[in-house]
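The block underneath contains the structure these notes are about, expressed in structure tokens.
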Amino acid sequence: MQRLLEFLFRKRHWFVFILCEVIAVTFLYRYNSYHRNVFFSSANTVVGHVVSIYNYGASYIKLREDNKILFERNSMLEMEVIDLQRQIQTLKANTLPFDSLMVETGSAEFSYITAQVVNNSISGYLNYMTLDRGAKDGVTEDMGVVSIYGIVGIVSTVGEHFSVVMPILNPKSKISCKLYKGDYYGSLSWDGRDVQYANLEELPLHAEFQEGDTVVTSGYSAVFPPGVIVGTVAELDDNRAHNFYSLKIKLATDFQRLKVVRILNNTYWKERVMVEREARRND
């Protein structure tokens, strides 16, 4: 306290000067209309600038909030659009007759489950595909999978809500197929090269065919009914094995654009497998 008093005493002439200036300015603007108008005009200008800066800052902050709200609304609309697209695709798949996949009938024991493709690898060697249907939807292993264009593959793994398909674009996949004209049978496999082509191997040398002939499933397994379209003959493969033809097949299914598929359910699959196993045990 003593130091404060000493400081005030030492600087007393400055405080007296400031006090006199304040009194002089007060009298000047109080009793002089010109100076008073100038003062208020300048004050209004300064206040106007301050208010303008404040409003700009407030509007900028509010703009960020508005942008955030718009972004959230846009995200919600995008999700709704995606959901509607999925529903439309599913409705299209459900309304397409199953027989349109086939060039012959005789598969009344087959029903199907519509599924969406949620993951699809086609750029690798051992490709797989994930569907949004699992055990709770009635999916089991070894079910056949087709698209609206032709065969896709076979279910290899099943979870509660999802399943994984081994497509024909996997060298481990072997599917019994035949030439629609002439009923010559062979095994369809993929050589890991072009996603648009596969090979129909072990076709007998006396088989008759020409470019453009249709290739369909043989129906020799319980996975696919007979007559499901596979593709068309593109050319004779020069790397054919002795005593057999190997045909290059242009696949009907475009795996790069695959969105919706059908999982085939053979009502009598268990009975057929059980009978065939029993027959082999009796040999």
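Just remember, in the structure tokens the first chain shown is A, the second B, etc., residues are 1-based per chain, and ligands are 1-based in the order shown.
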Q.
Give me the residues near Val155 (chain A) as a ChimeraX atom specification, where near means some atom within 10 Å (using only C-alpha atoms) and where sequence neighbours in that chain fewer than 6 positions away do not count.
A. /A:128-131,139-145,163-167,223,263-264
**Q.** For Thr253 (chain A): contacts at 8 Å, only C-alpha atoms, fewer than 4 positions along chain excluded, given as a PyMOL selection string
**A.** chain A and resi 147+149-152+230-231+258
Write the residues you've just listed into a file as a compact mmCIF listing (two decimals), in the first residue's frame, and include all heavy atoms for each of them.
```
# COMPACT_ATOMS: atom_id res chain seq x y z
N SER A 147 -27.29 -65.25 -61.87
CA SER A 147 -27.72 -63.87 -62.09
C SER A 147 -28.84 -63.90 -63.10
O SER A 147 -29.27 -64.97 -63.55
CB SER A 147 -26.55 -63.03 -62.61
OG SER A 147 -26.23 -63.40 -63.94
N TYR A 149 -28.53 -63.19 -66.00
CA TYR A 149 -27.90 -63.50 -67.28
C TYR A 149 -27.43 -64.95 -67.36
O TYR A 149 -27.40 -65.53 -68.44
CB TYR A 149 -26.71 -62.58 -67.53
CG TYR A 149 -27.06 -61.13 -67.41
CD1 TYR A 149 -26.69 -60.38 -66.31
CD2 TYR A 149 -27.80 -60.48 -68.40
CE1 TYR A 149 -27.02 -59.04 -66.19
CE2 TYR A 149 -28.14 -59.14 -68.30
CZ TYR A 149 -27.75 -58.43 -67.19
OH TYR A 149 -28.09 -57.11 -67.07
N GLY A 150 -27.03 -65.55 -66.23
CA GLY A 150 -26.51 -66.90 -66.26
C GLY A 150 -25.93 -67.30 -64.91
O GLY A 150 -26.17 -66.64 -63.90
N ILE A 151 -25.15 -68.37 -64.90
CA ILE A 151 -24.62 -68.88 -63.64
C ILE A 151 -23.54 -67.95 -63.08
O ILE A 151 -22.86 -67.24 -63.82
CB ILE A 151 -24.06 -70.31 -63.78
CG1 ILE A 151 -22.82 -70.33 -64.69
CG2 ILE A 151 -25.11 -71.26 -64.28
CD1 ILE A 151 -22.09 -71.66 -64.65
N VAL A 152 -23.40 -67.97 -61.76
CA VAL A 152 -22.41 -67.15 -61.07
C VAL A 152 -21.39 -68.01 -60.34
O VAL A 152 -20.19 -67.85 -60.48
CB VAL A 152 -23.09 -66.19 -60.08
CG1 VAL A 152 -22.06 -65.44 -59.24
CG2 VAL A 152 -23.97 -65.19 -60.83
N VAL A 230 -24.85 -70.64 -69.48
CA VAL A 230 -23.48 -70.38 -69.04
C VAL A 230 -22.81 -69.37 -69.94
O VAL A 230 -22.17 -68.43 -69.48
CB VAL A 230 -22.66 -71.70 -69.01
CG1 VAL A 230 -21.21 -71.41 -68.64
CG2 VAL A 230 -23.29 -72.69 -68.05
N GLY A 231 -22.94 -69.56 -71.25
CA GLY A 231 -22.32 -68.66 -72.21
C GLY A 231 -22.40 -69.22 -73.60
O GLY A 231 -23.25 -70.08 -73.90
N LEU A 258 -22.14 -56.97 -61.55
CA LEU A 258 -23.07 -57.82 -60.82
C LEU A 258 -23.56 -57.12 -59.56
O LEU A 258 -22.77 -56.69 -58.71
CB LEU A 258 -22.37 -59.13 -60.45
CG LEU A 258 -23.24 -60.38 -60.29
CD1 LEU A 258 -24.10 -60.59 -61.52
CD2 LEU A 258 -22.37 -61.59 -60.03
```
Q: May I ask for the distance between CA of Tyr197 (chain A) and CA of Leu251 (chain A), given in Å to one decimal place?
A: 5.5 Å
(Q) For a test of reading the model, state the distance in Å between CA of Glu160 (chain A) and CA of Ile113 (chain A), rounded to one decimal. (A) 14.9 Å
Q. Do you know which residues are at most 6 Å from Ser187 (chain A) counting only C-alpha atoms, after dropping those on the same chain fewer than 6 positions away, and could you put them as number ranges by chain?
A. A: 175-177, 200-201
Please produce a file of those selected residues containing all heavy atoms, as a PDB file, in the first residue's frame.
```
ATOM      1  N   ILE A 175     -17.669 -76.909 -62.768  1.00  0.00           N
ATOM      2  CA  ILE A 175     -19.113 -77.036 -62.956  1.00  0.00           C
ATOM      3  C   ILE A 175     -19.380 -77.849 -64.214  1.00  0.00           C
ATOM      4  O   ILE A 175     -18.808 -77.585 -65.276  1.00  0.00           O
ATOM      5  CB  ILE A 175     -19.778 -75.655 -63.060  1.00  0.00           C
ATOM      6  CG1 ILE A 175     -19.561 -74.876 -61.760  1.00  0.00           C
ATOM      7  CG2 ILE A 175     -21.270 -75.792 -63.354  1.00  0.00           C
ATOM      8  CD1 ILE A 175     -20.083 -73.462 -61.798  1.00  0.00           C
ATOM      9  N   SER A 176     -20.260 -78.829 -64.075  1.00  0.00           N
ATOM     10  CA  SER A 176     -20.608 -79.684 -65.201  1.00  0.00           C
ATOM     11  C   SER A 176     -21.519 -78.925 -66.157  1.00  0.00           C
ATOM     12  O   SER A 176     -22.595 -78.462 -65.773  1.00  0.00           O
ATOM     13  CB  SER A 176     -21.304 -80.948 -64.694  1.00  0.00           C
ATOM     14  OG  SER A 176     -21.701 -81.765 -65.787  1.00  0.00           O
ATOM     15  N   CYS A 177     -21.065 -78.809 -67.423  1.00  0.00           N
ATOM     16  CA  CYS A 177     -21.822 -78.078 -68.438  1.00  0.00           C
ATOM     17  C   CYS A 177     -21.887 -78.905 -69.716  1.00  0.00           C
ATOM     18  O   CYS A 177     -21.197 -79.921 -69.864  1.00  0.00           O
ATOM     19  CB  CYS A 177     -21.176 -76.726 -68.725  1.00  0.00           C
ATOM     20  SG  CYS A 177     -21.095 -75.641 -67.293  1.00  0.00           S
ATOM     21  N   LEU A 200     -14.371 -74.794 -71.356  1.00  0.00           N
ATOM     22  CA  LEU A 200     -15.132 -76.031 -71.256  1.00  0.00           C
ATOM     23  C   LEU A 200     -14.210 -77.162 -71.675  1.00  0.00           C
ATOM     24  O   LEU A 200     -13.903 -77.330 -72.857  1.00  0.00           O
ATOM     25  CB  LEU A 200     -16.380 -75.974 -72.148  1.00  0.00           C
ATOM     26  CG  LEU A 200     -17.305 -77.187 -72.078  1.00  0.00           C
ATOM     27  CD1 LEU A 200     -17.828 -77.382 -70.662  1.00  0.00           C
ATOM     28  CD2 LEU A 200     -18.462 -77.036 -73.060  1.00  0.00           C
ATOM     29  N   GLU A 201     -13.755 -77.935 -70.699  1.00  0.00           N
ATOM     30  CA  GLU A 201     -12.741 -78.960 -70.931  1.00  0.00           C
ATOM     31  C   GLU A 201     -13.348 -80.366 -70.933  1.00  0.00           C
ATOM     32  O   GLU A 201     -14.510 -80.547 -70.571  1.00  0.00           O
ATOM     33  CB  GLU A 201     -11.645 -78.849 -69.863  1.00  0.00           C
ATOM     34  CG  GLU A 201     -10.969 -77.481 -69.837  1.00  0.00           C
ATOM     35  CD  GLU A 201     -10.018 -77.325 -68.670  1.00  0.00           C
ATOM     36  OE1 GLU A 201     -10.186 -78.079 -67.690  1.00  0.00           O
ATOM     37  OE2 GLU A 201      -9.135 -76.452 -68.743  1.00  0.00           O
TER      38      GLU A 201
END
```
**Q.** Between CA of Gly186 (chain A) and CA of Ala252 (chain A) - distance in Å to one decimal
**A.** 17.3 Å
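Neighbouring residues of Asn265 (chain A) at 7 Å or closer, counting only C-alpha atoms and skipping chain neighbours under 3 positions away, are Phe110, Ser111, Tyr112 and Met143 of chain A.
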Q: Just the residues within 10 Å of Lys181 (chain A), please, counting only C-alpha atoms, with nothing from its chain fewer than 5 positions along; format it as JSON, numbers by chain.
A: {"A": [207, 208, 209, 210, 213, 214, 215, 216]}
Mind writing the picked residues with N, CA and C atoms as a PDB file, in the first residue's frame?
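Output contents, as saved in part_37.pdb:
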```pdb
ATOM      1  N   ALA A 207     -17.394 -84.552 -80.566  1.00  0.00           N
ATOM      2  CA  ALA A 207     -18.410 -83.526 -80.343  1.00  0.00           C
ATOM      3  C   ALA A 207     -18.447 -82.559 -81.516  1.00  0.00           C
ATOM      4  N   GLU A 208     -19.636 -82.163 -81.895  1.00  0.00           N
ATOM      5  CA  GLU A 208     -19.820 -81.226 -82.991  1.00  0.00           C
ATOM      6  C   GLU A 208     -20.246 -79.875 -82.420  1.00  0.00           C
ATOM      7  N   PHE A 209     -19.602 -78.834 -82.868  1.00  0.00           N
ATOM      8  CA  PHE A 209     -19.905 -77.496 -82.348  1.00  0.00           C
ATOM      9  C   PHE A 209     -19.453 -76.458 -83.362  1.00  0.00           C
ATOM     10  N   GLN A 210     -19.899 -75.241 -83.145  1.00  0.00           N
ATOM     11  CA  GLN A 210     -19.447 -74.115 -83.943  1.00  0.00           C
ATOM     12  C   GLN A 210     -19.493 -72.854 -83.090  1.00  0.00           C
ATOM     13  N   ASP A 213     -22.372 -71.318 -80.437  1.00  0.00           N
ATOM     14  CA  ASP A 213     -23.258 -72.314 -79.826  1.00  0.00           C
ATOM     15  C   ASP A 213     -23.436 -72.026 -78.335  1.00  0.00           C
ATOM     16  N   THR A 214     -24.634 -72.304 -77.844  1.00  0.00           N
ATOM     17  CA  THR A 214     -24.955 -72.038 -76.444  1.00  0.00           C
ATOM     18  C   THR A 214     -24.436 -73.149 -75.545  1.00  0.00           C
ATOM     19  N   VAL A 215     -23.898 -72.739 -74.390  1.00  0.00           N
ATOM     20  CA  VAL A 215     -23.441 -73.679 -73.372  1.00  0.00           C
ATOM     21  C   VAL A 215     -24.317 -73.501 -72.141  1.00  0.00           C
ATOM     22  N   VAL A 216     -24.828 -74.619 -71.590  1.00  0.00           N
ATOM     23  CA  VAL A 216     -25.725 -74.577 -70.438  1.00  0.00           C
ATOM     24  C   VAL A 216     -25.251 -75.580 -69.389  1.00  0.00           C
TER      25      VAL A 216
END
```
